[in-house]
Amino acid sequence: MSTINRRDLLPNLLANPDDFLIVSGLAGASKDTAGLTDDGANLFTMAGAMGSTTSMGLGVALAAPTKPVLAVAGDGELMMGIGALATVASMMPDNLTIICIDNGMHAETGGQLGHTSRRTNLAVMAEGAGIPSVLEIDAPGQFAEAATFITDAPGPRFLWARVTTEPPTAYKRDFDLAARRQIFRTAFLENNPVD
């Protein structure tokens, strides 16, 4: 049983979020990452694209091979695009870390139990897909190990962070997706100029 409050997770894993390009999925994951970065230019949050975070993160990692990239998704969203883990393993971008914030339920649709609250083991699925570095955490005492994992383990990396069911960070993110795309593009190009 997890003892990690999701609001404590990312601040304890990422000493300097500005060091990363971050793609985050729906609802809770995007609130958590937007709150962490104050909707920073290095963050692209998605809406209405459930299951796409890993694929989007992979694309960013391949396009910016010298920049650390995070793809942050909830468990339900990750399950919707689970096949993307095999594609990540096939492409092997060493700059990509996938973080699954797993509360074991579908909070946005009423709190129904998710697959991971029953029998599904995302670490086994990531390993089976061929991801070389996989870590599961479920207690605050593992934050230091997980932070080191993100920066030092051979990539691509999959971090399965099992959290309690408290709500995500209370942050009202910018839903102007066209503007956010342009902001992220500008930040991306500043770090990865095109010849």
# chains A, B, ... in the order shown; residues from 1 in each chain; ligands from 1
call {"tool": "select_by_dssp", "arguments": {"residues": "stretch 12-144 of chain A", "states": "strand (DSSP E or B)", "output": "MDAnalysis selection string"}}
result
chainID A and resid 21:24 43:45 69:74 96:102 105:106 112:113 133:137
call {"tool": "write_last_selection", "arguments": {"atoms": "N, CA and C atoms", "output": "PDB file, in the first residue's frame"}}
result
ATOM      1  N   LEU A  21      12.640  18.851 -20.682  1.00  0.00           N
ATOM      2  CA  LEU A  21      11.452  19.089 -21.487  1.00  0.00           C
ATOM      3  C   LEU A  21      10.427  18.092 -20.974  1.00  0.00           C
ATOM      4  N   ILE A  22       9.207  18.570 -20.683  1.00  0.00           N
ATOM      5  CA  ILE A  22       8.208  17.731 -20.023  1.00  0.00           C
ATOM      6  C   ILE A  22       6.926  17.691 -20.856  1.00  0.00           C
ATOM      7  N   VAL A  23       6.448  16.485 -21.090  1.00  0.00           N
ATOM      8  CA  VAL A  23       5.138  16.273 -21.704  1.00  0.00           C
ATOM      9  C   VAL A  23       4.289  15.580 -20.656  1.00  0.00           C
ATOM     10  N   SER A  24       3.113  16.113 -20.391  1.00  0.00           N
ATOM     11  CA  SER A  24       2.260  15.480 -19.386  1.00  0.00           C
ATOM     12  C   SER A  24       0.876  15.219 -19.947  1.00  0.00           C
ATOM     13  N   LEU A  43       7.115  22.919 -20.556  1.00  0.00           N
ATOM     14  CA  LEU A  43       6.047  21.950 -20.295  1.00  0.00           C
ATOM     15  C   LEU A  43       4.983  22.010 -21.376  1.00  0.00           C
ATOM     16  N   PHE A  44       4.640  20.839 -21.913  1.00  0.00           N
ATOM     17  CA  PHE A  44       3.499  20.735 -22.809  1.00  0.00           C
ATOM     18  C   PHE A  44       2.486  19.813 -22.160  1.00  0.00           C
ATOM     19  N   THR A  45       1.364  20.375 -21.727  1.00  0.00           N
ATOM     20  CA  THR A  45       0.301  19.582 -21.121  1.00  0.00           C
ATOM     21  C   THR A  45      -0.750  19.275 -22.179  1.00  0.00           C
ATOM     22  N   VAL A  69      14.188  14.377 -21.234  1.00  0.00           N
ATOM     23  CA  VAL A  69      12.754  14.493 -21.502  1.00  0.00           C
ATOM     24  C   VAL A  69      11.996  13.623 -20.511  1.00  0.00           C
ATOM     25  N   LEU A  70      10.911  14.189 -19.963  1.00  0.00           N
ATOM     26  CA  LEU A  70      10.008  13.447 -19.086  1.00  0.00           C
ATOM     27  C   LEU A  70       8.645  13.322 -19.754  1.00  0.00           C
ATOM     28  N   ALA A  71       8.076  12.141 -19.712  1.00  0.00           N
ATOM     29  CA  ALA A  71       6.685  11.921 -20.093  1.00  0.00           C
ATOM     30  C   ALA A  71       5.967  11.499 -18.818  1.00  0.00           C
ATOM     31  N   VAL A  72       5.018  12.314 -18.360  1.00  0.00           N
ATOM     32  CA  VAL A  72       4.356  12.082 -17.075  1.00  0.00           C
ATOM     33  C   VAL A  72       2.881  11.766 -17.329  1.00  0.00           C
ATOM     34  N   ALA A  73       2.458  10.572 -16.923  1.00  0.00           N
ATOM     35  CA  ALA A  73       1.087  10.128 -17.192  1.00  0.00           C
ATOM     36  C   ALA A  73       0.501   9.453 -15.966  1.00  0.00           C
ATOM     37  N   GLY A  74      -0.805   9.414 -15.911  1.00  0.00           N
ATOM     38  CA  GLY A  74      -1.500   8.633 -14.901  1.00  0.00           C
ATOM     39  C   GLY A  74      -1.611   7.185 -15.347  1.00  0.00           C
ATOM     40  N   LEU A  96      15.032   9.734 -22.339  1.00  0.00           N
ATOM     41  CA  LEU A  96      13.605   9.701 -21.995  1.00  0.00           C
ATOM     42  C   LEU A  96      13.353   8.964 -20.691  1.00  0.00           C
ATOM     43  N   THR A  97      12.577   9.614 -19.823  1.00  0.00           N
ATOM     44  CA  THR A  97      12.056   8.979 -18.612  1.00  0.00           C
ATOM     45  C   THR A  97      10.535   9.070 -18.645  1.00  0.00           C
ATOM     46  N   ILE A  98       9.881   7.944 -18.457  1.00  0.00           N
ATOM     47  CA  ILE A  98       8.418   7.899 -18.340  1.00  0.00           C
ATOM     48  C   ILE A  98       8.100   7.761 -16.859  1.00  0.00           C
ATOM     49  N   ILE A  99       7.293   8.676 -16.348  1.00  0.00           N
ATOM     50  CA  ILE A  99       6.848   8.611 -14.953  1.00  0.00           C
ATOM     51  C   ILE A  99       5.355   8.342 -14.954  1.00  0.00           C
ATOM     52  N   CYS A 100       4.960   7.233 -14.367  1.00  0.00           N
ATOM     53  CA  CYS A 100       3.539   6.929 -14.209  1.00  0.00           C
ATOM     54  C   CYS A 100       3.141   7.232 -12.778  1.00  0.00           C
ATOM     55  N   ILE A 101       2.260   8.213 -12.620  1.00  0.00           N
ATOM     56  CA  ILE A 101       1.709   8.551 -11.302  1.00  0.00           C
ATOM     57  C   ILE A 101       0.435   7.715 -11.144  1.00  0.00           C
ATOM     58  N   ASP A 102       0.535   6.671 -10.353  1.00  0.00           N
ATOM     59  CA  ASP A 102      -0.519   5.653 -10.283  1.00  0.00           C
ATOM     60  C   ASP A 102      -1.272   5.738  -8.962  1.00  0.00           C
ATOM     61  N   MET A 105      -6.834   4.403  -9.660  1.00  0.00           N
ATOM     62  CA  MET A 105      -8.249   4.662  -9.957  1.00  0.00           C
ATOM     63  C   MET A 105      -8.378   5.671 -11.085  1.00  0.00           C
ATOM     64  N   HIS A 106      -9.585   5.777 -11.597  1.00  0.00           N
ATOM     65  CA  HIS A 106      -9.907   6.742 -12.648  1.00  0.00           C
ATOM     66  C   HIS A 106     -10.593   7.938 -11.984  1.00  0.00           C
ATOM     67  N   GLN A 112     -13.519   5.199 -10.142  1.00  0.00           N
ATOM     68  CA  GLN A 112     -13.594   3.751 -10.317  1.00  0.00           C
ATOM     69  C   GLN A 112     -12.192   3.143 -10.174  1.00  0.00           C
ATOM     70  N   LEU A 113     -12.131   1.932  -9.625  1.00  0.00           N
ATOM     71  CA  LEU A 113     -10.843   1.261  -9.485  1.00  0.00           C
ATOM     72  C   LEU A 113     -10.233   0.984 -10.850  1.00  0.00           C
ATOM     73  N   SER A 133      15.511   0.167 -17.910  1.00  0.00           N
ATOM     74  CA  SER A 133      15.575   0.596 -16.509  1.00  0.00           C
ATOM     75  C   SER A 133      14.167   0.827 -15.990  1.00  0.00           C
ATOM     76  N   VAL A 134      13.776   0.054 -14.972  1.00  0.00           N
ATOM     77  CA  VAL A 134      12.424   0.119 -14.414  1.00  0.00           C
ATOM     78  C   VAL A 134      12.549   0.182 -12.898  1.00  0.00           C
ATOM     79  N   LEU A 135      11.792   1.103 -12.299  1.00  0.00           N
ATOM     80  CA  LEU A 135      11.787   1.242 -10.843  1.00  0.00           C
ATOM     81  C   LEU A 135      10.366   1.487 -10.367  1.00  0.00           C
ATOM     82  N   GLU A 136       9.983   0.799  -9.312  1.00  0.00           N
ATOM     83  CA  GLU A 136       8.679   1.016  -8.662  1.00  0.00           C
ATOM     84  C   GLU A 136       8.930   1.628  -7.298  1.00  0.00           C
ATOM     85  N   ILE A 137       8.184   2.696  -6.974  1.00  0.00           N
ATOM     86  CA  ILE A 137       8.264   3.291  -5.636  1.00  0.00           C
ATOM     87  C   ILE A 137       6.862   3.433  -5.066  1.00  0.00           C
TER      88      ILE A 137
END
call {"tool": "residues_around", "arguments": {"residues": "A:Thr148", "least_positions_apart": "3", "cutoff": "12 Å", "atoms": "only C-alpha atoms", "output": "ChimeraX atom specification"}}
result
/A:12-15,97,135,142-145,151-154,157,159
call {"tool": "write_last_selection", "arguments": {"atoms": "C-alpha atoms", "output": "PDB file, in the first residue's frame"}}
result
ATOM      1  CA  ASN A  12      10.965  15.515  -4.443  1.00  0.00           C
ATOM      2  CA  LEU A  13      12.061  13.851  -7.684  1.00  0.00           C
ATOM      3  CA  LEU A  14      13.060  16.880  -9.729  1.00  0.00           C
ATOM      4  CA  ALA A  15      15.425  19.314  -8.028  1.00  0.00           C
ATOM      5  CA  THR A  97      12.056   8.979 -18.612  1.00  0.00           C
ATOM      6  CA  LEU A 135      11.787   1.242 -10.843  1.00  0.00           C
ATOM      7  CA  GLN A 142      12.343   6.066  -1.904  1.00  0.00           C
ATOM      8  CA  PHE A 143      12.389   9.626  -3.297  1.00  0.00           C
ATOM      9  CA  ALA A 144      16.194   9.933  -3.267  1.00  0.00           C
ATOM     10  CA  GLU A 145      16.603   6.600  -5.066  1.00  0.00           C
ATOM     11  CA  THR A 151      19.270  11.169 -13.851  1.00  0.00           C
ATOM     12  CA  ASP A 152      21.625   8.183 -13.782  1.00  0.00           C
ATOM     13  CA  ALA A 153      19.925   4.936 -14.845  1.00  0.00           C
ATOM     14  CA  PRO A 154      20.445   3.850 -18.463  1.00  0.00           C
ATOM     15  CA  ARG A 157      13.627   4.688 -17.950  1.00  0.00           C
ATOM     16  CA  LEU A 159       9.324   5.000 -13.028  1.00  0.00           C
TER      17      LEU A 159
END
call {"tool": "atom_distance", "arguments": {"atom1": "atom CA of A:Leu10", "atom2": "atom CA of A:Leu36"}}
result
7.2 Å
call {"tool": "atom_distance", "arguments": {"atom1": "atom CA of A:Gly114", "atom2": "atom CA of A:Leu85"}}
result
18.8 Å
call {"tool": "closest_atom_pairs", "arguments": {"of": "stretch 37-70 of chain A", "to": "stretch 169-182 of chain A", "cutoff": "12 Å", "atoms": "only C-alpha atoms", "output": "Markdown table"}}
result
| residue | atom | partner | partner_atom | distance |
| --- | --- | --- | --- | --- |
| A:Thr37 | CA | A:Arg173 | CA | 10.5 |
| A:Asp38 | CA | A:Arg173 | CA | 8.3 |
| A:Asp39 | CA | A:Arg173 | CA | 6.4 |
| A:Gly40 | CA | A:Arg180 | CA | 9.5 |
| A:Ala41 | CA | A:Arg180 | CA | 7.9 |
| A:Asn42 | CA | A:Arg180 | CA | 9.8 |
| A:Leu43 | CA | A:Arg180 | CA | 8.3 |
| A:Phe44 | CA | A:Arg180 | CA | 6.6 |
| A:Thr45 | CA | A:Arg180 | CA | 7.9 |
| A:Met46 | CA | A:Leu177 | CA | 7.7 |
| A:Ala47 | CA | A:Phe175 | CA | 8.0 |
| A:Gly48 | CA | A:Leu177 | CA | 10.6 |
| A:Ala49 | CA | A:Leu177 | CA | 11.8 |
call {"tool": "write_last_selection", "arguments": {"atoms": "N, CA and C atoms", "output": "compact mmCIF listing (two decimals), in the first residue's frame"}}
result
# COMPACT_ATOMS: atom_id res chain seq x y z
N THR A 37 5.99 23.48 -12.37
CA THR A 37 6.74 24.39 -13.24
C THR A 37 6.10 25.77 -13.37
N ASP A 38 4.96 25.98 -12.70
CA ASP A 38 4.16 27.20 -12.89
C ASP A 38 3.82 27.39 -14.36
N ASP A 39 3.36 26.30 -14.98
CA ASP A 39 3.03 26.27 -16.41
C ASP A 39 4.21 26.74 -17.25
N GLY A 40 5.38 26.24 -16.92
CA GLY A 40 6.62 26.69 -17.55
C GLY A 40 6.67 26.44 -19.05
N ALA A 41 7.54 27.18 -19.71
CA ALA A 41 7.69 27.07 -21.16
C ALA A 41 8.19 25.69 -21.57
N ASN A 42 8.86 24.99 -20.67
CA ASN A 42 9.40 23.66 -20.98
C ASN A 42 8.37 22.54 -20.80
N LEU A 43 7.11 22.92 -20.56
CA LEU A 43 6.05 21.95 -20.29
C LEU A 43 4.98 22.01 -21.38
N PHE A 44 4.64 20.84 -21.91
CA PHE A 44 3.50 20.73 -22.81
C PHE A 44 2.49 19.81 -22.16
N THR A 45 1.36 20.38 -21.73
CA THR A 45 0.30 19.58 -21.12
C THR A 45 -0.75 19.28 -22.18
N MET A 46 -1.34 18.10 -22.07
CA MET A 46 -2.31 17.70 -23.07
C MET A 46 -3.71 17.64 -22.47
N ALA A 47 -4.68 17.75 -23.35
CA ALA A 47 -6.08 17.59 -22.98
C ALA A 47 -6.78 16.89 -24.14
N GLY A 48 -7.63 15.94 -23.83
CA GLY A 48 -8.40 15.27 -24.87
C GLY A 48 -7.57 14.33 -25.74
N ALA A 49 -6.40 13.91 -25.24
CA ALA A 49 -5.54 13.02 -26.01
C ALA A 49 -5.12 11.83 -25.15
call {"tool": "atom_distance", "arguments": {"atom1": "atom CA of A:Val60", "atom2": "atom CA of A:Ala123"}}
result
22.9 Å
call {"tool": "closest_residue", "arguments": {"among": "A:Pro140, A:Pro17, A:Pro11, A:Pro93", "to": "A:Gly59", "atoms": "only C-alpha atoms"}}
result
A:Pro93
call {"tool": "closest_residue", "arguments": {"among": "A:Lys67, A:Pro168, A:Gly141, A:Met1", "to": "A:Thr116", "atoms": "only C-alpha atoms"}}
result
A:Met1
call {"tool": "residues_around", "arguments": {"residues": "A:Asn95", "least_positions_apart": "6", "cutoff": "8 Å", "atoms": "only C-alpha atoms", "output": "short mmCIF file (atom, residue, chain, number, x, y, z; two decimals) with C-alpha atoms, in the first residue's frame"}}
result
data_model
loop_
_atom_site.label_atom_id
_atom_site.label_comp_id
_atom_site.auth_asym_id
_atom_site.auth_seq_id
_atom_site.Cartn_x
_atom_site.Cartn_y
_atom_site.Cartn_z
CA ALA A 61 13.10 12.74 -26.94
CA PRO A 65 18.50 13.84 -28.12
CA THR A 66 20.74 16.01 -25.94
CA LYS A 67 17.95 17.22 -23.62
CA PRO A 68 16.44 15.15 -20.77
CA VAL A 69 12.75 14.49 -21.50
CA GLY A 155 17.64 5.16 -20.64
CA PRO A 156 14.94 4.89 -21.50
#
call {"tool": "select_by_dssp", "arguments": {"residues": "stretch 152-191 of chain A", "states": "helix (DSSP H, G or I)", "output": "JSON, numbers by chain"}}
result
{"A": [152, 177, 178, 179, 180, 181, 182, 183, 184, 185, 186, 187, 188, 189, 190, 191]}
call {"tool": "residues_around", "arguments": {"residues": "A:Ala129", "least_positions_apart": "5", "cutoff": "10 Å", "atoms": "only C-alpha atoms", "output": "ChimeraX atom specification"}}
result
/A:82-90,123-124
call {"tool": "write_last_selection", "arguments": {"atoms": "N, CA and C atoms", "output": "PDB file, in the first residue's frame"}}
result
ATOM      1  N   ILE A  82      -0.595   1.591 -23.880  1.00  0.00           N
ATOM      2  CA  ILE A  82       0.453   0.737 -23.319  1.00  0.00           C
ATOM      3  C   ILE A  82       1.412   0.221 -24.389  1.00  0.00           C
ATOM      4  N   GLY A  83       0.946   0.071 -25.605  1.00  0.00           N
ATOM      5  CA  GLY A  83       1.815  -0.413 -26.673  1.00  0.00           C
ATOM      6  C   GLY A  83       2.970   0.525 -26.974  1.00  0.00           C
ATOM      7  N   ALA A  84       2.835   1.789 -26.589  1.00  0.00           N
ATOM      8  CA  ALA A  84       3.915   2.754 -26.830  1.00  0.00           C
ATOM      9  C   ALA A  84       5.184   2.377 -26.077  1.00  0.00           C
ATOM     10  N   LEU A  85       5.059   1.627 -24.978  1.00  0.00           N
ATOM     11  CA  LEU A  85       6.259   1.196 -24.253  1.00  0.00           C
ATOM     12  C   LEU A  85       7.150   0.336 -25.139  1.00  0.00           C
ATOM     13  N   ALA A  86       6.561  -0.511 -25.968  1.00  0.00           N
ATOM     14  CA  ALA A  86       7.350  -1.347 -26.878  1.00  0.00           C
ATOM     15  C   ALA A  86       8.051  -0.489 -27.925  1.00  0.00           C
ATOM     16  N   THR A  87       7.380   0.548 -28.391  1.00  0.00           N
ATOM     17  CA  THR A  87       7.999   1.446 -29.366  1.00  0.00           C
ATOM     18  C   THR A  87       9.153   2.203 -28.732  1.00  0.00           C
ATOM     19  N   VAL A  88       8.966   2.663 -27.493  1.00  0.00           N
ATOM     20  CA  VAL A  88      10.059   3.325 -26.771  1.00  0.00           C
ATOM     21  C   VAL A  88      11.255   2.386 -26.668  1.00  0.00           C
ATOM     22  N   ALA A  89      11.010   1.136 -26.281  1.00  0.00           N
ATOM     23  CA  ALA A  89      12.099   0.171 -26.146  1.00  0.00           C
ATOM     24  C   ALA A  89      12.766  -0.114 -27.483  1.00  0.00           C
ATOM     25  N   SER A  90      12.024  -0.107 -28.558  1.00  0.00           N
ATOM     26  CA  SER A  90      12.607  -0.328 -29.882  1.00  0.00           C
ATOM     27  C   SER A  90      13.485   0.836 -30.310  1.00  0.00           C
ATOM     28  N   ALA A 123       5.318  -2.419 -13.839  1.00  0.00           N
ATOM     29  CA  ALA A 123       6.763  -2.668 -13.911  1.00  0.00           C
ATOM     30  C   ALA A 123       7.057  -3.889 -14.774  1.00  0.00           C
ATOM     31  N   VAL A 124       6.271  -4.943 -14.587  1.00  0.00           N
ATOM     32  CA  VAL A 124       6.449  -6.148 -15.393  1.00  0.00           C
ATOM     33  C   VAL A 124       6.145  -5.849 -16.859  1.00  0.00           C
TER      34      VAL A 124
END
